[in-house]
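J.: So here's my_file37.txt, just compact mmCIF, C-alpha atoms and all ligand atoms:
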```txt
# COMPACT_ATOMS: atom_id res chain seq x y z
CA MET A 88 0.00 0.00 0.00
CA ASN A 89 1.27 3.50 -0.86
CA GLU A 90 -0.38 6.20 1.23
CA LEU A 91 0.02 9.14 -1.17
CA ALA A 92 0.81 9.93 -4.79
CA ILE A 93 1.24 13.44 -6.11
CA ILE A 94 0.47 14.17 -9.75
CA GLY A 95 2.55 17.20 -10.66
CA GLY A 96 1.17 19.60 -13.25
CA THR A 97 2.61 22.57 -15.13
CA GLY A 98 5.37 24.10 -13.00
CA LEU A 99 5.80 21.01 -10.84
CA THR A 100 7.69 18.36 -12.78
CA ASP A 101 9.69 17.29 -9.73
CA PHE A 102 9.24 17.47 -6.01
CA ASP A 103 11.99 19.28 -4.09
CA GLY A 104 13.00 17.64 -0.88
CA LEU A 105 11.76 14.22 -1.90
CA GLU A 106 14.49 11.68 -1.08
CA ILE A 107 14.26 9.56 -4.20
CA THR A 108 14.72 5.84 -3.72
CA HIS A 109 14.03 4.71 -7.29
CA ARG A 110 12.27 5.46 -10.57
CA GLN A 111 9.90 2.91 -12.07
CA VAL A 112 8.66 2.69 -15.66
CA LEU A 113 5.28 0.96 -15.66
CA GLN A 114 3.50 -0.59 -18.63
CA THR A 115 -0.27 -0.63 -18.30
CA PRO A 116 -3.02 -2.24 -20.42
CA TYR A 117 -3.68 1.33 -21.64
CA GLY A 118 -0.11 2.08 -22.68
CA GLU A 119 2.64 4.19 -21.16
CA MET A 120 2.24 6.57 -18.28
CA SER A 121 3.32 10.20 -18.78
CA SER A 122 6.60 9.65 -16.95
CA PRO A 123 8.38 7.14 -14.73
CA ILE A 124 6.92 6.96 -11.23
CA ILE A 125 9.31 8.43 -8.70
CA HIS A 126 9.37 6.60 -5.37
CA GLY A 127 10.74 8.48 -2.42
CA SER A 128 10.29 9.59 1.12
CA TYR A 129 9.38 12.98 2.46
CA CYS A 130 9.40 13.82 6.15
CA GLY A 131 9.76 10.09 6.78
CA LYS A 132 6.63 9.21 4.75
CA SER A 133 6.75 7.20 1.57
CA ILE A 134 5.46 9.20 -1.41
CA LEU A 135 5.05 8.59 -5.14
CA PHE A 136 5.36 11.35 -7.72
CA LEU A 137 4.18 11.41 -11.34
CA ALA A 138 4.82 14.25 -13.81
CA ARG A 139 1.52 14.54 -15.73
CA HIS A 140 2.96 16.36 -18.73
CA GLY A 141 6.10 14.19 -18.88
CA THR A 142 9.48 14.69 -17.27
CA ARG A 143 10.36 17.45 -19.75
CA HIS A 144 6.84 18.92 -19.87
CA THR A 145 6.19 17.93 -23.49
CA ILE A 146 2.73 16.28 -23.34
CA PRO A 147 -0.15 18.75 -23.87
CA PRO A 148 -3.37 18.32 -21.84
CA HIS A 149 -5.43 16.67 -24.61
CA LYS A 150 -2.64 14.11 -25.33
CA ILE A 151 -2.09 12.92 -21.77
CA ASN A 152 -2.75 9.22 -21.30
CA TYR A 153 -4.99 9.73 -18.28
CA ARG A 154 -6.07 6.09 -18.22
CA ALA A 155 -2.49 4.79 -18.07
CA ASN A 156 -1.58 7.31 -15.36
CA VAL A 157 -4.50 6.44 -13.10
CA TRP A 158 -4.26 2.69 -13.77
CA GLY A 159 -0.54 2.75 -12.91
CA LEU A 160 -1.19 4.44 -9.59
CA LYS A 161 -3.87 1.88 -8.75
CA GLU A 162 -1.51 -0.95 -9.67
CA LEU A 163 0.98 0.47 -7.15
CA GLU A 164 -1.77 0.28 -4.51
CA VAL A 165 -1.93 4.03 -4.02
CA LYS A 166 -4.64 5.14 -1.61
CA ASN A 167 -4.64 8.96 -1.87
CA VAL A 168 -3.88 11.15 -4.88
CA ILE A 169 -3.29 14.90 -4.76
CA ALA A 170 -3.41 16.32 -8.28
CA ILE A 171 -1.72 19.67 -8.81
CA ALA A 172 -3.30 21.78 -11.54
CA ALA A 173 -2.47 25.19 -12.99
CA VAL A 174 -5.67 27.17 -13.66
CA GLY A 175 -7.01 30.52 -14.79
CA SER A 176 -9.25 32.39 -12.34
CA ILE A 177 -12.82 33.30 -13.26
CA HIS A 178 -14.11 34.36 -9.83
CA PRO A 179 -13.17 38.04 -9.31
CA ASP A 180 -11.82 37.43 -5.77
CA MET A 181 -9.40 34.74 -6.89
CA GLN A 182 -6.02 36.15 -7.85
CA PRO A 183 -2.91 34.80 -9.59
CA LYS A 184 -0.58 32.77 -7.32
CA GLU A 185 -3.39 31.92 -4.89
CA LEU A 186 -4.44 28.30 -4.31
CA VAL A 187 -7.91 26.76 -4.58
CA ILE A 188 -9.04 23.35 -3.31
CA PRO A 189 -12.06 22.82 -5.57
CA HIS A 190 -15.16 21.03 -4.31
CA GLN A 191 -16.95 20.61 -7.66
CA LEU A 192 -16.23 20.43 -11.37
CA ILE A 193 -17.88 20.83 -14.75
CA ASP A 194 -16.47 18.89 -17.69
CA TYR A 195 -16.21 20.67 -21.07
CA THR A 196 -13.60 18.30 -22.54
CA TRP A 197 -14.40 16.09 -25.52
CA SER A 198 -13.09 12.98 -27.24
CA ARG A 199 -10.63 12.07 -24.50
CA LYS A 200 -10.43 8.43 -23.44
CA HIS A 201 -12.46 9.05 -20.34
CA THR A 202 -13.47 5.68 -18.86
CA PHE A 203 -12.17 2.23 -17.96
CA PHE A 204 -15.70 0.86 -18.34
CA ALA A 205 -15.93 0.67 -22.13
CA GLU A 206 -14.63 -2.69 -23.37
CA ASN A 207 -15.12 -6.35 -22.42
CA LEU A 208 -17.94 -5.50 -20.04
CA THR A 209 -19.96 -8.11 -18.22
CA HIS A 210 -22.35 -5.37 -17.11
CA VAL A 211 -22.76 -1.61 -17.50
CA THR A 212 -21.44 0.45 -14.55
CA HIS A 213 -22.18 4.06 -13.61
CA ILE A 214 -19.97 5.53 -10.90
CA ASP A 215 -21.46 8.02 -8.46
CA PHE A 216 -19.77 11.37 -9.13
CA THR A 217 -22.08 13.70 -7.19
CA ASN A 218 -19.06 14.92 -5.25
CA PRO A 219 -16.13 14.48 -7.62
CA TYR A 220 -13.37 14.98 -5.05
CA CYS A 221 -12.56 12.83 -2.02
CA GLU A 222 -13.93 14.77 0.98
CA ASN A 223 -11.54 13.12 3.40
CA LEU A 224 -8.42 14.18 1.50
CA ARG A 225 -9.89 17.63 0.76
CA ASN A 226 -10.37 18.09 4.50
CA GLN A 227 -6.77 17.08 5.16
CA LEU A 228 -5.57 19.68 2.65
CA LEU A 229 -7.81 22.28 4.27
CA ALA A 230 -6.43 21.38 7.71
CA ALA A 231 -2.91 21.80 6.32
CA ALA A 232 -3.94 25.17 4.85
CA GLN A 233 -4.62 26.41 8.41
CA ASN A 234 -0.87 26.27 9.05
CA VAL A 235 0.32 28.34 6.07
CA ASP A 236 0.36 32.10 5.66
CA PHE A 237 -0.92 32.47 2.10
CA LYS A 238 -4.42 32.37 0.63
CA VAL A 239 -5.97 28.96 0.03
CA TYR A 240 -9.64 29.00 -1.06
CA SER A 241 -11.48 26.12 0.59
CA GLN A 242 -13.84 25.61 -2.32
CA GLY A 243 -14.43 26.42 -5.95
CA VAL A 244 -15.94 24.97 -9.09
CA TYR A 245 -13.31 23.75 -11.57
CA GLY A 246 -14.24 23.94 -15.27
CA ALA A 247 -12.20 21.49 -17.37
CA THR A 248 -11.62 22.66 -20.95
CA GLN A 249 -10.11 20.82 -23.89
CA GLY A 250 -7.11 23.03 -24.70
CA PRO A 251 -4.40 23.37 -25.60
CA ARG A 252 -5.56 26.85 -26.58
CA LEU A 253 -6.84 29.17 -23.88
CA GLU A 254 -10.52 30.15 -23.96
CA THR A 255 -12.30 33.06 -25.63
CA SER A 256 -13.77 35.69 -23.31
CA ALA A 257 -17.28 34.58 -24.37
CA GLU A 258 -16.46 31.00 -23.35
CA ILE A 259 -15.31 32.29 -19.96
CA ASP A 260 -18.54 34.35 -19.64
CA ARG A 261 -20.52 31.19 -20.30
CA MET A 262 -18.46 29.21 -17.80
CA GLU A 263 -19.04 31.92 -15.19
CA GLN A 264 -22.79 31.71 -15.81
CA ASP A 265 -22.49 27.95 -15.38
CA GLY A 266 -20.93 28.54 -11.96
CA CYS A 267 -17.24 27.91 -12.68
CA ASP A 268 -14.70 29.73 -10.48
CA ILE A 269 -11.52 28.43 -12.11
CA VAL A 270 -10.61 26.94 -15.49
CA GLY A 271 -7.99 24.32 -16.32
CA MET A 272 -7.31 21.66 -18.94
CA THR A 273 -6.29 18.55 -17.00
CA GLY A 274 -8.93 18.03 -14.31
CA MET A 275 -10.95 15.66 -16.48
CA PRO A 276 -11.10 12.79 -17.15
CA GLU A 277 -8.44 12.33 -14.43
CA ALA A 278 -10.87 12.81 -11.52
CA ALA A 279 -13.51 10.46 -12.95
CA LEU A 280 -10.98 7.74 -13.79
CA ALA A 281 -9.66 7.92 -10.23
CA ARG A 282 -13.22 7.45 -8.93
CA GLU A 283 -13.75 4.50 -11.27
CA LEU A 284 -10.76 2.79 -9.64
CA ASP A 285 -11.77 3.87 -6.14
CA LEU A 286 -8.79 6.14 -5.50
CA CYS A 287 -9.22 8.96 -3.01
CA TYR A 288 -8.48 11.87 -5.35
CA THR A 289 -8.45 15.60 -4.82
CA THR A 290 -7.07 18.65 -6.62
CA CYS A 291 -4.91 21.51 -5.44
CA ALA A 292 -5.23 24.26 -8.07
CA VAL A 293 -2.76 27.11 -8.41
CA ILE A 294 -3.85 30.24 -10.25
CA ALA A 295 -1.51 31.05 -13.13
CA ASN A 296 -3.48 33.93 -14.68
CA GLU A 297 -6.82 35.66 -14.81
CA ALA A 298 -9.01 33.83 -17.33
CA ALA A 299 -9.65 35.27 -20.80
CA GLY A 300 -11.39 38.66 -20.69
CA ARG A 301 -10.90 38.99 -16.94
CA GLY A 302 -7.53 40.75 -16.84
CA ALA A 303 -5.09 42.23 -19.33
CA ALA A 304 -6.11 42.02 -22.99
CA GLU A 305 -3.78 39.13 -23.73
CA ILE A 306 -2.61 36.22 -21.61
CA THR A 307 1.08 35.52 -22.15
CA MET A 308 3.12 32.42 -21.36
CA ALA A 309 5.62 34.71 -19.61
CA GLU A 310 2.90 35.91 -17.21
CA ILE A 311 1.76 32.32 -16.58
CA GLU A 312 5.31 31.17 -15.88
CA THR A 313 6.11 34.05 -13.53
CA ASN A 314 2.95 33.52 -11.48
CA LEU A 315 3.46 29.77 -11.37
CA THR A 316 7.02 30.09 -10.07
CA GLU A 317 5.65 31.79 -6.96
CA GLY A 318 2.39 29.84 -6.80
CA ILE A 319 4.14 26.49 -7.02
CA GLY A 320 6.39 27.52 -4.12
CA GLN A 321 3.19 27.77 -2.07
CA VAL A 322 1.95 24.41 -3.39
CA ARG A 323 5.20 22.83 -2.17
CA GLN A 324 4.68 24.35 1.29
CA LEU A 325 1.09 23.11 1.46
CA LEU A 326 2.14 19.62 0.35
CA ALA A 327 4.88 19.52 2.97
CA GLU A 328 2.31 20.44 5.60
CA VAL A 329 -0.29 17.89 4.48
CA ILE A 330 2.34 15.14 4.33
CA ARG A 331 3.43 16.04 7.84
CA LEU A 332 -0.20 15.72 9.01
CA LEU A 333 -1.02 12.49 7.14
N1 LIG B 401 -7.47 28.36 -19.05
C1 LIG B 401 -7.33 27.03 -19.10
N2 LIG B 401 -6.31 26.39 -18.52
C2 LIG B 401 -5.40 27.12 -17.88
C3 LIG B 401 -5.48 28.52 -17.81
C4 LIG B 401 -6.57 29.17 -18.42
O1 LIG B 401 -6.71 30.42 -18.40
N3 LIG B 401 -4.39 28.94 -17.12
C5 LIG B 401 -3.69 27.83 -16.77
N4 LIG B 401 -4.29 26.72 -17.22
```
Take the structure in this file and express it as structure tokens.
Ligand code: HPA
T.:
Amino acid sequence: MNELAIIGGTGLTDFDGLEITHRQVLQTPYGEMSSPIIHGSYCGKSILFLARHGTRHTIPPHKINYRANVWGLKELEVKNVIAIAAVGSIHPDMQPKELVIPHQLIDYTWSRKHTFFAENLTHVTHIDFTNPYCENLRNQLLAAAQNVDFKVYSQGVYGATQGPRLETSAEIDRMEQDGCDIVGMTGMPEAALARELDLCYTTCAVIANEAAGRGAAEITMAEIETNLTEGIGQVRQLLAEVIRLL
């Protein structure tokens, strides 16, 4: 049994301070995972780390093999998964560099391989997804957030878009009307696949930019990278705290 795996997103392709014991390349029935799984220990706890976009950050959101990634973690008997995700902010209070632990999501992605329950079925299965994130793990992240001195929003609705392009301002207006607070490209189908395999999965989102039409006229990669450098520093602190509490 492995207590915790961290899926690193944009800006987090490795995990500072993790004492690496070994790297493992796993083959799954769904093909290759995004990167080798890094096994290590942090504050005396054994942790796994997976770089969602590949070790060199070369796999765009719509090309990620989400099924292989989630299957691989299950095969390694992972119990809890914290998924780090860079997002744009839609809610006017939410500012770049701040963190959000979402409690809900809306899926706008299309044509991704989004289920394990498609082939060789003996019966049709529908997972319950009323609450897409594991409440227990969310609460542990929120407890950890009490011990840090930066802003962590305790809830928010994550809208998952297809990418890799950013959205139009009209798309963001529509998402806001739908109730979305933040927008990212990797939250789905990852969360649903984790539920299908009974993993306790939750997301820690870091705001990279204001969403389209909400800030400066144009969103630049330079702006995203600058905000993420600082935001990811906060993610690392929150992870250290939650691992200490686990
Ligand atoms: N939209 C979608 N995904 C993102 C954004 C955004 O504005 N910023 C970082 N990931």
J.: Hey, which bits of chain A sit within 10 Å of ligand LIG 401 (chain B), and for each residue what's the closest pair of atoms and how far apart in Å (one decimal), counting only C-alpha atoms and all ligand atoms, rows by chain and increasing number, as CSV?
T.:
```
residue,atom,partner,partner_atom,distance
A:Gly96,CA,B:LIG401,N4,9.8
A:Thr97,CA,B:LIG401,N4,8.3
A:Pro148,CA,B:LIG401,N2,9.2
A:Ala172,CA,B:LIG401,N4,7.6
A:Ala173,CA,B:LIG401,C5,4.8
A:Val174,CA,B:LIG401,C5,3.7
A:Gly175,CA,B:LIG401,O1,3.6
A:Ser176,CA,B:LIG401,O1,6.9
A:Ile177,CA,B:LIG401,O1,8.5
A:Pro183,CA,B:LIG401,N3,9.7
A:Gly246,CA,B:LIG401,C1,8.5
A:Ala247,CA,B:LIG401,C1,7.6
A:Thr248,CA,B:LIG401,C1,6.4
A:Gln249,CA,B:LIG401,C1,8.3
A:Gly250,CA,B:LIG401,C1,6.9
A:Pro251,CA,B:LIG401,N2,7.9
A:Arg252,CA,B:LIG401,C1,7.7
A:Leu253,CA,B:LIG401,N1,4.9
A:Glu254,CA,B:LIG401,N1,6.1
A:Thr255,CA,B:LIG401,N1,9.4
A:Ile259,CA,B:LIG401,N1,8.8
A:Ile269,CA,B:LIG401,N1,8.0
A:Val270,CA,B:LIG401,C1,4.9
A:Gly271,CA,B:LIG401,N2,3.5
A:Met272,CA,B:LIG401,N2,4.9
A:Thr273,CA,B:LIG401,N2,8.0
A:Gly274,CA,B:LIG401,N2,9.7
A:Ala292,CA,B:LIG401,N4,9.5
A:Val293,CA,B:LIG401,C5,8.4
A:Ile294,CA,B:LIG401,C5,7.0
A:Ala295,CA,B:LIG401,C5,5.3
A:Asn296,CA,B:LIG401,N3,5.6
A:Glu297,CA,B:LIG401,O1,6.4
A:Ala298,CA,B:LIG401,O1,4.3
A:Ala299,CA,B:LIG401,O1,6.2
A:Gly300,CA,B:LIG401,O1,9.7
A:Arg301,CA,B:LIG401,O1,9.7
A:Ile306,CA,B:LIG401,O1,7.8
A:Thr307,CA,B:LIG401,N3,9.9
A:Met308,CA,B:LIG401,N3,9.3
A:Ile311,CA,B:LIG401,N3,7.0
A:Glu312,CA,B:LIG401,C5,9.6
A:Leu315,CA,B:LIG401,C5,9.2
```
J.: Would you list the contacts of A:Lys200 as an MDAnalysis selection string, taking every protein, DNA or RNA residue within 12 Å and counting only C-alpha atoms, but skipping same-chain residues closer than 4 positions in sequence?
T.: chainID A and resid 117 149:155 196 204:206 275:277 279:280
J.: Quick one: of A:Cys287, A:Ile171, A:Leu228, A:Val244, who's nearest to A:Ala327, counting all atoms listed in the file?
T.: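 Selected residue with least distance to A:Ala327: A:Leu228.
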J.: What's the 12 Å shell around A:Val235, counting only C-alpha atoms, without same-chain residues fewer than 4 positions away, as a PyMOL selection string?
T.: chain A and resi 186+228-231+239+320-329
J.: So how many Å separate atom CA of A:Thr100 and atom CA of A:Ala138, to one decimal?
T.: 5.1 Å
J.: Measuring atom to atom with only C-alpha atoms, identify which of A:Val168, A:Val157, A:Leu332, A:Leu113 is nearest to A:Gln233.
T.: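 So, comparing all the options, the nearest one is A:Leu332.
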J.: Which residues come within 12 Å of A:Trp158, counting all atoms listed in the file, excluding same-chain residues fewer than 3 positions away, as number ranges by chain?
T.: A: 113-121, 152-155, 161-165, 202-203, 277, 280-286
J.: May I have the selected residues written with C-alpha atoms, as a JSON list (two decimals), keeping the file's coordinate frame?
T.:
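Result file is out-v4.json:
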```
[["chain", "number", "residue", "atom", "x", "y", "z"],
["A", 113, "LEU", "CA", 5.28, 0.96, -15.66],
["A", 114, "GLN", "CA", 3.50, -0.59, -18.63],
["A", 115, "THR", "CA", -0.27, -0.63, -18.30],
["A", 116, "PRO", "CA", -3.02, -2.24, -20.42],
["A", 117, "TYR", "CA", -3.68, 1.33, -21.64],
["A", 118, "GLY", "CA", -0.11, 2.08, -22.68],
["A", 119, "GLU", "CA", 2.64, 4.19, -21.16],
["A", 120, "MET", "CA", 2.24, 6.57, -18.28],
["A", 121, "SER", "CA", 3.32, 10.20, -18.78],
["A", 152, "ASN", "CA", -2.75, 9.22, -21.30],
["A", 153, "TYR", "CA", -4.99, 9.73, -18.28],
["A", 154, "ARG", "CA", -6.07, 6.09, -18.22],
["A", 155, "ALA", "CA", -2.49, 4.79, -18.07],
["A", 161, "LYS", "CA", -3.87, 1.88, -8.75],
["A", 162, "GLU", "CA", -1.51, -0.95, -9.67],
["A", 163, "LEU", "CA", 0.98, 0.47, -7.15],
["A", 164, "GLU", "CA", -1.77, 0.28, -4.51],
["A", 165, "VAL", "CA", -1.93, 4.03, -4.02],
["A", 202, "THR", "CA", -13.47, 5.68, -18.86],
["A", 203, "PHE", "CA", -12.17, 2.23, -17.96],
["A", 277, "GLU", "CA", -8.44, 12.33, -14.43],
["A", 280, "LEU", "CA", -10.98, 7.74, -13.79],
["A", 281, "ALA", "CA", -9.66, 7.92, -10.23],
["A", 282, "ARG", "CA", -13.22, 7.45, -8.93],
["A", 283, "GLU", "CA", -13.75, 4.50, -11.27],
["A", 284, "LEU", "CA", -10.76, 2.79, -9.64],
["A", 285, "ASP", "CA", -11.77, 3.87, -6.14],
["A", 286, "LEU", "CA", -8.79, 6.14, -5.50]]
```
J.: Rounded to one decimal in Å, what is the spacing between atom CA of A:Leu137 and atom CA of A:Ile124?
T.: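 Atom-to-atom, atom CA of A:Leu137 to atom CA of A:Ile124, that is 5.2 Å.
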J.: Considering all atoms listed in the file, state which residue in the set A:Thr316, A:Lys166, A:Asp268, A:Arg331 is at the smallest distance from A:Asp180.
T.: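 Closest to A:Asp180 of all the choices is A:Asp268.
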J.: Calculate how many Å separate atom CA of A:Ser241 from atom CA of A:Ile146, rounding to one decimal.
T.: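 Interatomic distance, atom CA of A:Ser241 to atom CA of A:Ile146: 29.5 Å.
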J.: I'd like to know which of A:Tyr195, A:Ile330, A:Asn223, A:Thr217 is closest to A:Glu258, using only C-alpha atoms.
T.: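 Answer, going by the shortest atom-to-atom distance: A:Tyr195.
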J.: Smallest atom-to-atom distance to A:Ile93: which of A:Arg110, A:Arg139, A:His190, A:His213, using all atoms listed in the file?
T.: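 Ranking A:Arg110, A:Arg139, A:His190, A:His213 by distance to A:Ile93, first place goes to A:Arg139.
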J.: Counting all atoms listed in the file, I want the residues whose atoms come within 10 Å of (9.6, 13.2, 5.7) in the file frame, returned as an MDAnalysis selection string.
T.: chainID A and resid 104:106 127:134 327 330:331
J.: Could I see stretch 292-311 of chain A restored to N, CA and C atoms, set down as a compact mmCIF listing (two decimals), in the frame of the given file?
T.:
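Resulting contents of part-v5.txt:
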```
# COMPACT_ATOMS: atom_id res chain seq x y z
N ALA A 292 -5.41 23.41 -6.88
CA ALA A 292 -5.23 24.26 -8.07
C ALA A 292 -4.43 25.50 -7.70
N VAL A 293 -3.56 25.90 -8.61
CA VAL A 293 -2.76 27.11 -8.41
C VAL A 293 -3.07 28.06 -9.57
N ILE A 294 -3.38 29.29 -9.22
CA ILE A 294 -3.85 30.24 -10.25
C ILE A 294 -2.66 30.84 -10.99
N ALA A 295 -2.63 30.60 -12.28
CA ALA A 295 -1.51 31.05 -13.13
C ALA A 295 -1.81 32.40 -13.78
N ASN A 296 -3.09 32.70 -13.95
CA ASN A 296 -3.48 33.93 -14.68
C ASN A 296 -4.97 34.17 -14.45
N GLU A 297 -5.39 35.40 -14.76
CA GLU A 297 -6.82 35.66 -14.81
C GLU A 297 -7.32 35.10 -16.13
N ALA A 298 -8.49 34.48 -16.12
CA ALA A 298 -9.01 33.83 -17.33
C ALA A 298 -9.28 34.87 -18.42
N ALA A 299 -9.48 34.39 -19.63
CA ALA A 299 -9.65 35.27 -20.80
C ALA A 299 -10.74 36.32 -20.55
N GLY A 300 -10.42 37.58 -20.84
CA GLY A 300 -11.39 38.66 -20.69
C GLY A 300 -11.52 39.16 -19.28
N ARG A 301 -10.77 38.59 -18.34
CA ARG A 301 -10.90 38.99 -16.94
C ARG A 301 -9.75 39.89 -16.48
N GLY A 302 -8.67 39.93 -17.25
CA GLY A 302 -7.53 40.75 -16.84
C GLY A 302 -7.00 41.53 -18.03
N ALA A 303 -5.71 41.52 -18.20
CA ALA A 303 -5.09 42.23 -19.33
C ALA A 303 -5.64 41.64 -20.63
N ALA A 304 -5.51 42.41 -21.72
CA ALA A 304 -6.11 42.02 -22.99
C ALA A 304 -5.61 40.64 -23.45
N GLU A 305 -4.35 40.38 -23.20
CA GLU A 305 -3.78 39.13 -23.73
C GLU A 305 -3.14 38.35 -22.58
N ILE A 306 -3.27 37.05 -22.63
CA ILE A 306 -2.61 36.22 -21.61
C ILE A 306 -1.32 35.70 -22.23
N THR A 307 -0.19 35.96 -21.57
CA THR A 307 1.08 35.52 -22.15
C THR A 307 1.65 34.35 -21.36
N MET A 308 2.45 33.53 -22.04
CA MET A 308 3.12 32.42 -21.36
C MET A 308 4.08 32.95 -20.30
N ALA A 309 4.68 34.13 -20.58
CA ALA A 309 5.62 34.71 -19.61
C ALA A 309 4.91 35.02 -18.30
N GLU A 310 3.69 35.58 -18.41
CA GLU A 310 2.90 35.91 -17.21
C GLU A 310 2.55 34.62 -16.45
N ILE A 311 2.12 33.60 -17.21
CA ILE A 311 1.76 32.32 -16.58
C ILE A 311 2.96 31.75 -15.83
```
